[in-house]
Amino acid sequence: MTTTSAPARSTTREERKVLAGTLAGTTIEWYDFFIYAQAATLVLAPLFLAPLSEDSPGLATVVSLATIGISFLFRPLGAIVAGRYGDRLGRKKMLVFTLLLMGGSTALIGLLPTYASIGVAAPIILVVLRVLQGFSAGGEWGGAALMAVEHAPRNRRGLFGAYPGVGVPLGLILATGVLLLMTSVTTPEQFLAWGWRVPFLLSIVLIGVGYLIRRSVEESPVFRELQERKRESSAPLRDLFATNTKQVVLTALVFLANNAAGYLVIAYFIGYGTQTLGLARGPVLTAIVAASVSWLVFTLYGGALSDRIGRVRTFQLGYALVFVWMIPMFLLVDSANIWAFALGVVVLCVGLGLSYGPMSAMYAEMFPVAVRYSGVSIGYALGAILGGAFAPAISELLVQETGTGISVGVYMMVLAAISLAAVSVIKETRGADLGVDGH
């Protein structure tokens, strides 16, 4: 059972290994996931949806962005499977499994023939591989979050839990940086012909590194206590919904706006900036890297802040900023000035970080240990479906119908209001007992 630690205690060697393992693993997993999301805005429509792209480029872009959302529909299945075995067999084994599955799927996308080579089989196989990515992502975040939080001292759970969260902007920085490099060293024709494949194939090297790091990390002490006292659930999913349905719904709604706004940065703004506003690809990708750095810094700060003022208050600050910034942001972005574009997305990521940093700790503290992996993973996956799954495609449709990004800002404000209301009804969780006797 977790015990209170003195604030002055330094981080132990094992704790540092856990933080490194969760950070490295989630960074690599989300690099894989985001490479696809960004490629969908740049090259996948003409390569894998060639007939549609020739007849109706706008519709092809919407369909390409919608393939991002298809993977989200399979996140709950991945969450259910990973949650079931993570609650029965341990967090560590499932984290290794999800890492290998994500990496293999990503590398195969890099080897996939295009529509010109194998016809309709190309988009079908692409969607299948994207589904496997979604399945993997559904189980990844929950396990990484629990490994970090369940190893943490009670008064530093927010900060420790922010480390797997940092893997999201770090993965985005890595993915965007590799794409920026490839677009810099290839001509547009070379990038379309073969350059886009390189970021996918790099996944093979990254997965090898992540596997070695994750194998070296010790299992969660909370899960070991559960095993020693023989208190594992034989049916975690059934037990979860028998006792914690409300918590699952709330975690999904809390994540809704963060995930939707995050996917504006991850996937939508690259295509919007280059194709709709006519900005050069290199500066737009550089702006996304700058926004990702902002996201990273404020995710860590948000986790640490939640250890001082509470999880709920930190979330509220983050979502209030997301809400009030949406209209000013799109006024800046729609000016088609790259510096205004960059300022808009960088400030948005301050709110994203504050509403993401406390998430691991709060979600872990909301569920009893026997169903914690299932509850955290399923709530996160459902929030992703409701939030980011089709946010890029919906945003593209809104802009095509209205001719302005302000409509997307209003859409995001509605989602931010829903998530703000959801987190505001949650009783503060900071300091909850994470052990077998908690809850």
# chains A, B, ... in the order shown; residues from 1 in each chain; ligands from 1
$ residues_around --residues "Arg16 (chain A)" --least-positions-apart "5" --cutoff "12 Å" --atoms "only C-alpha atoms" --output "short mmCIF file (atom, residue, chain, number, x, y, z; two decimals) with N, CA and C atoms, in the first residue's frame"
data_model
loop_
_atom_site.label_atom_id
_atom_site.label_comp_id
_atom_site.auth_asym_id
_atom_site.auth_seq_id
_atom_site.Cartn_x
_atom_site.Cartn_y
_atom_site.Cartn_z
N SER A 10 14.66 12.27 -2.08
CA SER A 10 15.06 12.28 -3.48
C SER A 10 14.45 11.08 -4.20
N THR A 11 14.41 11.19 -5.50
CA THR A 11 13.85 10.11 -6.31
C THR A 11 14.80 8.92 -6.31
N GLY A 21 11.16 4.63 -18.31
CA GLY A 21 10.47 3.60 -19.07
C GLY A 21 9.11 4.04 -19.58
N THR A 22 8.34 4.72 -18.73
CA THR A 22 7.03 5.18 -19.17
C THR A 22 7.17 6.31 -20.18
N LEU A 23 8.14 7.20 -19.97
CA LEU A 23 8.34 8.31 -20.90
C LEU A 23 8.81 7.80 -22.26
N ALA A 24 9.82 6.93 -22.27
CA ALA A 24 10.35 6.43 -23.54
C ALA A 24 9.29 5.63 -24.30
N MET A 147 1.76 2.61 -14.12
CA MET A 147 3.14 2.30 -13.71
C MET A 147 3.78 3.51 -13.06
N ALA A 148 3.56 4.68 -13.63
CA ALA A 148 4.16 5.89 -13.08
C ALA A 148 3.53 6.28 -11.75
N HIS A 151 4.02 3.79 -8.70
CA HIS A 151 5.38 3.81 -8.14
C HIS A 151 5.67 5.11 -7.39
N ALA A 152 4.80 6.10 -7.50
CA ALA A 152 5.12 7.45 -7.02
C ALA A 152 4.88 7.59 -5.52
N PHE A 160 4.79 12.58 -11.21
CA PHE A 160 5.17 11.29 -11.79
C PHE A 160 4.20 10.91 -12.92
N TYR A 163 4.68 12.23 -16.55
CA TYR A 163 5.73 11.73 -17.44
C TYR A 163 5.18 10.92 -18.62
N ILE A 213 14.12 -0.81 -22.74
CA ILE A 213 13.88 0.03 -21.56
C ILE A 213 12.73 -0.54 -20.73
N SER A 216 13.24 -3.63 -18.50
CA SER A 216 14.09 -3.47 -17.31
C SER A 216 13.35 -2.90 -16.11
N VAL A 217 12.11 -2.45 -16.30
CA VAL A 217 11.35 -1.79 -15.23
C VAL A 217 10.64 -2.83 -14.37
N GLU A 218 10.64 -2.60 -13.05
CA GLU A 218 9.96 -3.49 -12.12
C GLU A 218 8.44 -3.31 -12.21
#
$ closest_atom_pairs --of "region 291-390 of chain A" --to "region 81-89 of chain A" --cutoff "10 Å" --atoms "only C-alpha atoms" --output "Markdown table"
| residue | atom | partner | partner_atom | distance |
| --- | --- | --- | --- | --- |
| A:Val369 | CA | A:Asp87 | CA | 8.0 |
| A:Ala370 | CA | A:Asp87 | CA | 6.1 |
| A:Val371 | CA | A:Asp87 | CA | 6.2 |
| A:Arg372 | CA | A:Asp87 | CA | 7.1 |
| A:Tyr373 | CA | A:Gly83 | CA | 4.8 |
| A:Ser374 | CA | A:Gly83 | CA | 3.8 |
| A:Gly375 | CA | A:Gly83 | CA | 7.5 |
| A:Val376 | CA | A:Gly83 | CA | 8.3 |
| A:Ser377 | CA | A:Gly83 | CA | 6.5 |
| A:Ile378 | CA | A:Gly83 | CA | 7.8 |
$ write_last_selection --atoms "C-alpha atoms" --output "mmCIF file, in the first residue's frame"
data_model
loop_
_atom_site.group_PDB
_atom_site.id
_atom_site.type_symbol
_atom_site.label_atom_id
_atom_site.label_comp_id
_atom_site.auth_asym_id
_atom_site.auth_seq_id
_atom_site.Cartn_x
_atom_site.Cartn_y
_atom_site.Cartn_z
ATOM 1 C CA VAL A 369 -6.778 -1.277 -7.720
ATOM 2 C CA ALA A 370 -8.495 -4.517 -8.854
ATOM 3 C CA VAL A 371 -10.181 -2.758 -11.815
ATOM 4 C CA ARG A 372 -7.897 0.261 -12.152
ATOM 5 C CA TYR A 373 -6.201 -0.660 -15.448
ATOM 6 C CA SER A 374 -9.583 -1.435 -17.025
ATOM 7 C CA GLY A 375 -11.244 1.715 -15.695
ATOM 8 C CA VAL A 376 -8.474 4.118 -16.637
ATOM 9 C CA SER A 377 -7.974 2.600 -20.101
ATOM 10 C CA ILE A 378 -11.649 2.357 -21.043
#
$ residues_around --residues "Tyr411 (chain A)" --least-positions-apart "2" --cutoff "12 Å" --atoms "only C-alpha atoms" --output "ChimeraX atom specification"
/A:257,260-261,264,322-323,326-327,330,387,391-392,394-399,405-409,413-418
$ closest_residue --among "A:Val222, A:Val248, A:Leu99, A:Val312" --to "Thr27 (chain A)" --atoms "only C-alpha atoms"
A:Leu99
$ residues_around --residues "Ala116 (chain A)" --least-positions-apart "6" --cutoff "12 Å" --atoms "only C-alpha atoms" --output "list of chain:residue names"
A:Pro46, A:Leu47, A:Phe48, A:Leu49, A:Ala50, A:Pro51, A:Ala122, A:Pro123, A:Ala193
$ write_last_selection --atoms "N, CA and C atoms" --output "compact mmCIF listing (two decimals), in the first residue's frame"
# COMPACT_ATOMS: atom_id res chain seq x y z
N PRO A 46 -3.78 11.27 -51.93
CA PRO A 46 -3.40 10.97 -53.32
C PRO A 46 -2.77 9.60 -53.52
N LEU A 47 -2.14 9.05 -52.49
CA LEU A 47 -1.46 7.76 -52.65
C LEU A 47 -2.39 6.56 -52.48
N PHE A 48 -3.35 6.66 -51.56
CA PHE A 48 -4.19 5.51 -51.25
C PHE A 48 -5.66 5.70 -51.63
N LEU A 49 -6.03 6.92 -51.96
CA LEU A 49 -7.40 7.20 -52.39
C LEU A 49 -7.37 7.91 -53.75
N ALA A 50 -6.54 7.39 -54.65
CA ALA A 50 -6.23 8.09 -55.90
C ALA A 50 -7.47 8.48 -56.72
N PRO A 51 -8.41 7.56 -57.00
CA PRO A 51 -9.55 7.97 -57.84
C PRO A 51 -10.38 9.08 -57.19
N ALA A 122 -4.98 -1.57 -51.31
CA ALA A 122 -4.09 -0.65 -50.58
C ALA A 122 -4.82 0.09 -49.47
N PRO A 123 -5.94 0.80 -49.74
CA PRO A 123 -6.63 1.47 -48.63
C PRO A 123 -7.22 0.51 -47.61
N ALA A 193 6.91 10.18 -53.49
CA ALA A 193 7.28 8.88 -54.04
C ALA A 193 7.81 7.93 -52.97
$ select_by_dssp --residues "region 24-269 of chain A" --states "alpha helix (DSSP H)" --output "ChimeraX atom specification"
/A:24-42,44-48,50-55,57-73,75-88,91-111,115-118,121-151,157-185,188-190,197-201,203-215,221-228,236-243,245-263,269
